[in-house]
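Engineer: This is the structure, below, for whatever I ask next.
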Amino acid sequence: VLVFSRSGFTRSPGVTQLFWLGDQLTSWDEHDGIGSALGGTLGGGMSGFALTHSDIGGYTGASLRLFGLPLMAVVRERELLMRWSELNVWSGAVFRSHEGLLPDDNHQVWTDQVVLSHTRACVELFVALRPYRRALMAEAAERGWPLARHPVLHYPDDEVLLNDRASKDGGSGRIRQLMLGSEYMVVPVLEAGVERVRGYLPRGRWTSIWTDETVHLDRG
């Protein structure tokens with residue numbers, strides 16, 4: 001039986017099999033949407049919560065109407081669901097969707113063929129990473145290291161990573177990316193309508209898994 005928890009204390013990772021990040025909004029919001037899922041994953045990992053994940057697509061939504069007219073709506077859209085699936089391939093110890101608080105309003109994995117095919121591709125990639133992820137889980141059990149990591153854990157002398165701080169309004173730092181173990185650097189898409197993202201690569205040899213292009217960096 002797999003049991004996962006939302007809250008805990010300093011010794012909880014020793015007795016709880018898995019954590020999840022709670023009920024994010026079904027939105028792109030940095031403070032309680034998909035952006036917060038990345039921040040929560042990295043922050044939890046730095047705090048000793050090695051095995052964690054988020055609800056793919058978020059959970060909490062709202063739909064308010066007055067005299068039949070929409071006043072406010074926070075519902076999951078197709079693009080958000082697809083980008084969240086991509087994020088959780090790399091950030092989650094498990095790959096788990098959720099229909100959300102408003103299942104009839106939210107875009108679901110089964111809503112259309114586009115999302116269904118995209119989800120299948122994400123699942124296949126998650127499964128392909130199983131041997132690597134299992135090795136990371138063994139490492140987590142032995143040393144307490146998280147699966148998804150802030151890059152500074154592997155590049156502690158990198159000034160850019162060391163100076164990554166939360167913004168004054170409480171948002172996440174400038175480095176909106178993660179590492180899965182020590183081998184993969186991942187730059188997720190966390191904004192709507194975006195097809196290209198910019199990331200930061202520390203010193204070393206890096207190869208794109210999509211193009212096989214390799215770059216050698218003497219500095220980040």
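Letters A, B, ... mark the chains of the structure tokens in the order given; residue numbers begin at 1 per chain; ligand numbers begin at 1, in order shown.
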For range 3-8 of chain A, list every protein, DNA or RNA residue within 9 Å, evaluated using only C-alpha atoms, and leave out those in the same chain fewer than 5 positions away; present the list as a list in words.

Structural biologist: Pro13, Thr16, Gln17, Leu18, Phe19, Trp20, Leu21, Gly22 and Thr52 of chain A

Engineer: Residues of range 13-210 of chain A in strand (DSSP E) according to DSSP, as a ChimeraX atom specification?

Structural biologist: /A:18-20,52-53,62-66,69-74,148-149,178-180,184-186,204-207

Engineer: Using only C-alpha atoms, which protein or nucleic acid residues come within 9 Å of Tyr59 in chain A? Drop anything in the same chain fewer than 5 positions from it, and give the result as a list in words.

Structural biologist: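 Skipping anything fewer than 5 positions along the chain leaves Gly22, Asp23, Gln24, Leu25, Thr26, Arg76, His98, Glu99, Gly100, Leu101 and Leu102 of chain A.
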
Engineer: Restricting it to all heavy atoms, dump the selection as a PDB file, in the first residue's frame.

Structural biologist:
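Once everything was written out, this is out35.pdb:
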```
ATOM      1  N   GLY A  22       0.258  19.330  -2.003  1.00  0.00           N
ATOM      2  CA  GLY A  22      -0.992  19.981  -1.628  1.00  0.00           C
ATOM      3  C   GLY A  22      -1.823  20.370  -2.831  1.00  0.00           C
ATOM      4  O   GLY A  22      -1.657  19.853  -3.930  1.00  0.00           O
ATOM      5  N   ASP A  23      -2.709  21.309  -2.627  1.00  0.00           N
ATOM      6  CA  ASP A  23      -3.741  21.628  -3.619  1.00  0.00           C
ATOM      7  C   ASP A  23      -3.436  22.928  -4.354  1.00  0.00           C
ATOM      8  O   ASP A  23      -3.969  23.987  -4.040  1.00  0.00           O
ATOM      9  CB  ASP A  23      -5.107  21.729  -2.931  1.00  0.00           C
ATOM     10  CG  ASP A  23      -5.482  20.445  -2.212  1.00  0.00           C
ATOM     11  OD1 ASP A  23      -5.008  19.382  -2.638  1.00  0.00           O
ATOM     12  OD2 ASP A  23      -6.229  20.504  -1.232  1.00  0.00           O
ATOM     13  N   GLN A  24      -2.568  22.834  -5.359  1.00  0.00           N
ATOM     14  CA  GLN A  24      -2.265  24.020  -6.165  1.00  0.00           C
ATOM     15  C   GLN A  24      -3.488  24.460  -6.974  1.00  0.00           C
ATOM     16  O   GLN A  24      -4.368  23.668  -7.284  1.00  0.00           O
ATOM     17  CB  GLN A  24      -1.112  23.742  -7.144  1.00  0.00           C
ATOM     18  CG  GLN A  24       0.262  23.868  -6.553  1.00  0.00           C
ATOM     19  CD  GLN A  24       0.681  22.602  -5.847  1.00  0.00           C
ATOM     20  OE1 GLN A  24       0.319  21.510  -6.251  1.00  0.00           O
ATOM     21  NE2 GLN A  24       1.436  22.743  -4.782  1.00  0.00           N
ATOM     22  N   LEU A  25      -3.501  25.738  -7.325  1.00  0.00           N
ATOM     23  CA  LEU A  25      -4.514  26.244  -8.228  1.00  0.00           C
ATOM     24  C   LEU A  25      -4.327  25.639  -9.615  1.00  0.00           C
ATOM     25  O   LEU A  25      -3.208  25.350 -10.028  1.00  0.00           O
ATOM     26  CB  LEU A  25      -4.440  27.768  -8.330  1.00  0.00           C
ATOM     27  CG  LEU A  25      -4.826  28.595  -7.101  1.00  0.00           C
ATOM     28  CD1 LEU A  25      -4.522  30.063  -7.352  1.00  0.00           C
ATOM     29  CD2 LEU A  25      -6.303  28.418  -6.775  1.00  0.00           C
ATOM     30  N   THR A  26      -5.416  25.497 -10.325  1.00  0.00           N
ATOM     31  CA  THR A  26      -5.339  25.061 -11.725  1.00  0.00           C
ATOM     32  C   THR A  26      -5.023  26.286 -12.584  1.00  0.00           C
ATOM     33  O   THR A  26      -5.836  26.735 -13.397  1.00  0.00           O
ATOM     34  CB  THR A  26      -6.672  24.422 -12.159  1.00  0.00           C
ATOM     35  OG1 THR A  26      -7.744  25.340 -11.869  1.00  0.00           O
ATOM     36  CG2 THR A  26      -6.924  23.126 -11.411  1.00  0.00           C
ATOM     37  N   ARG A  76      -8.845  24.637 -15.276  1.00  0.00           N
ATOM     38  CA  ARG A  76      -7.687  24.117 -15.987  1.00  0.00           C
ATOM     39  C   ARG A  76      -7.904  24.149 -17.503  1.00  0.00           C
ATOM     40  O   ARG A  76      -8.912  23.672 -18.008  1.00  0.00           O
ATOM     41  CB  ARG A  76      -7.413  22.690 -15.542  1.00  0.00           C
ATOM     42  CG  ARG A  76      -6.202  22.041 -16.201  1.00  0.00           C
ATOM     43  CD  ARG A  76      -6.192  20.552 -15.938  1.00  0.00           C
ATOM     44  NE  ARG A  76      -6.196  20.279 -14.509  1.00  0.00           N
ATOM     45  CZ  ARG A  76      -6.781  19.207 -13.983  1.00  0.00           C
ATOM     46  NH1 ARG A  76      -7.409  18.337 -14.739  1.00  0.00           N
ATOM     47  NH2 ARG A  76      -6.739  19.021 -12.678  1.00  0.00           N
ATOM     48  N   HIS A  98      -4.925  14.386 -11.651  1.00  0.00           N
ATOM     49  CA  HIS A  98      -6.055  14.623 -10.748  1.00  0.00           C
ATOM     50  C   HIS A  98      -7.121  15.376 -11.529  1.00  0.00           C
ATOM     51  O   HIS A  98      -6.825  16.334 -12.242  1.00  0.00           O
ATOM     52  CB  HIS A  98      -5.613  15.436  -9.525  1.00  0.00           C
ATOM     53  CG  HIS A  98      -6.536  15.298  -8.347  1.00  0.00           C
ATOM     54  ND1 HIS A  98      -7.878  15.597  -8.430  1.00  0.00           N
ATOM     55  CD2 HIS A  98      -6.310  14.884  -7.075  1.00  0.00           C
ATOM     56  CE1 HIS A  98      -8.445  15.367  -7.249  1.00  0.00           C
ATOM     57  NE2 HIS A  98      -7.518  14.939  -6.414  1.00  0.00           N
ATOM     58  N   GLU A  99      -8.366  14.954 -11.409  1.00  0.00           N
ATOM     59  CA  GLU A  99      -9.431  15.634 -12.140  1.00  0.00           C
ATOM     60  C   GLU A  99      -9.731  17.015 -11.596  1.00  0.00           C
ATOM     61  O   GLU A  99     -10.322  17.846 -12.267  1.00  0.00           O
ATOM     62  CB  GLU A  99     -10.698  14.788 -12.154  1.00  0.00           C
ATOM     63  CG  GLU A  99     -11.283  14.519 -10.798  1.00  0.00           C
ATOM     64  CD  GLU A  99     -12.512  13.620 -10.867  1.00  0.00           C
ATOM     65  OE1 GLU A  99     -12.811  13.102 -11.956  1.00  0.00           O
ATOM     66  OE2 GLU A  99     -13.171  13.451  -9.823  1.00  0.00           O
ATOM     67  N   GLY A 100      -9.316  17.279 -10.343  1.00  0.00           N
ATOM     68  CA  GLY A 100      -9.467  18.610  -9.768  1.00  0.00           C
ATOM     69  C   GLY A 100     -10.798  18.829  -9.072  1.00  0.00           C
ATOM     70  O   GLY A 100     -11.694  17.977  -9.079  1.00  0.00           O
ATOM     71  N   LEU A 101     -10.913  20.003  -8.485  1.00  0.00           N
ATOM     72  CA  LEU A 101     -12.110  20.350  -7.716  1.00  0.00           C
ATOM     73  C   LEU A 101     -13.333  20.550  -8.613  1.00  0.00           C
ATOM     74  O   LEU A 101     -14.468  20.361  -8.173  1.00  0.00           O
ATOM     75  CB  LEU A 101     -11.830  21.622  -6.903  1.00  0.00           C
ATOM     76  CG  LEU A 101     -12.858  22.040  -5.843  1.00  0.00           C
ATOM     77  CD1 LEU A 101     -12.994  20.950  -4.788  1.00  0.00           C
ATOM     78  CD2 LEU A 101     -12.436  23.351  -5.197  1.00  0.00           C
ATOM     79  N   LEU A 102     -13.089  20.931  -9.867  1.00  0.00           N
ATOM     80  CA  LEU A 102     -14.174  21.176 -10.819  1.00  0.00           C
ATOM     81  C   LEU A 102     -13.985  20.267 -12.038  1.00  0.00           C
ATOM     82  O   LEU A 102     -13.606  20.731 -13.115  1.00  0.00           O
ATOM     83  CB  LEU A 102     -14.192  22.653 -11.246  1.00  0.00           C
ATOM     84  CG  LEU A 102     -14.311  23.684 -10.128  1.00  0.00           C
ATOM     85  CD1 LEU A 102     -14.125  25.090 -10.690  1.00  0.00           C
ATOM     86  CD2 LEU A 102     -15.653  23.560  -9.423  1.00  0.00           C
TER      87      LEU A 102
END
```

Engineer: Just the number, please: distance in Å from CA of Phe49 in chain A to CA of Ser27 in chain A, one decimal.

Structural biologist: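 A separation of 24.5 Å between them.
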
Engineer: Could you give me, as CSV, a per-residue list for range 32-84 of chain A showing, wherever an atom lies at most 12 Å from an atom of range 9-12 of chain A, the closest pair of atoms and their distance in Å to one decimal, using only C-alpha atoms and sorting by chain then residue number from low to high?

Structural biologist:
```
residue,atom,partner,partner_atom,distance
A:Gly44,CA,A:Thr10,CA,11.1
A:Met46,CA,A:Thr10,CA,12.0
A:Ser47,CA,A:Thr10,CA,8.2
A:Gly48,CA,A:Thr10,CA,7.8
A:Phe49,CA,A:Ser12,CA,8.2
A:Ala50,CA,A:Ser12,CA,10.7
A:Leu51,CA,A:Ser12,CA,11.3
```

Engineer: Which residue, A:Gly43, A:Pro103, A:Pro188, A:Gly14, has the smallest gap to Ser63 in chain A when you use only C-alpha atoms?

Structural biologist: A:Pro103

Engineer: Suppose you want the space between CA of Trp28 in chain A and CA of Ser91 in chain A; what is it in Å?

Structural biologist: 16.7 Å

Engineer: Go through range 64-92 of chain A and flag each residue having an atom no more than 12 Å from range 128-143 of chain A; for those, report the closest pair of atoms plus their distance in Å to one decimal, using only C-alpha atoms, ordered by chain and rising number, as a Markdown table.

Structural biologist:
```
| residue | atom | partner | partner_atom | distance |
| --- | --- | --- | --- | --- |
| A:Val89 | CA | A:Leu129 | CA | 8.8 |
| A:Trp90 | CA | A:Leu129 | CA | 9.0 |
| A:Ser91 | CA | A:Arg133 | CA | 10.6 |
| A:Gly92 | CA | A:Arg133 | CA | 9.8 |
```

Engineer: Which residue, A:His154, A:Arg149, A:Leu80, A:Glu195, has the smallest gap to Leu178 in chain A when you use only C-alpha atoms?

Structural biologist: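 The answer is A:Arg149, which sits nearest to Leu178 in chain A.
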
Engineer: Mind the document's chain letters and residue numbers, and return as a PyMOL selection string the residues of range 9-105 of chain A that DSSP labels helix (DSSP H, G or I).

Structural biologist: chain A and resi 12-14+34-46+78-91

Engineer: Go through A:Ser97, A:Thr60, A:Asn106, A:Ser117 one by one, measure the shortest atom-to-atom distance of each to Glu77 in chain A using only C-alpha atoms, and give the residue with the smallest value.

Structural biologist: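 Between A:Ser97, A:Thr60, A:Asn106, A:Ser117, the residue approaching Glu77 in chain A most closely is A:Asn106.
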
Engineer: Kindly indicate which residue among A:His107, A:His53, A:His118, A:Arg203 lies nearest to Asn88 in chain A, using only C-alpha atoms for the distances.

Structural biologist: A:His53

Engineer: Find the distance between CA of Asp104 in chain A and CA of Val75 in chain A and write it in Å to one decimal.

Structural biologist: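 Atom-to-atom, CA of Asp104 in chain A and CA of Val75 in chain A are spaced 9.7 Å apart.
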
Engineer: Identify which of the residues A:Val115, A:Ala37, A:Ile56, A:Val152 lies closest to Ser182 in chain A, counting only C-alpha atoms when measuring atom-to-atom distances.

Structural biologist: A:Val152

Engineer: Env of Gly193 in chain A: 10 Å cut, atoms = only C-alpha atoms, seq-sep filter 3 positions within chain, self excluded. Answer as an NGL selection string.

Structural biologist: :A and (79-80 or 189-190 or 196)

Engineer: Could you tell me which of A:Glu191, A:Tyr184, A:Ile34, A:Val109 comes closest to Trp206 in chain A if we count only C-alpha atoms?

Structural biologist: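 Looking at the shortest contact to Trp206 in chain A, the residue is A:Tyr184.
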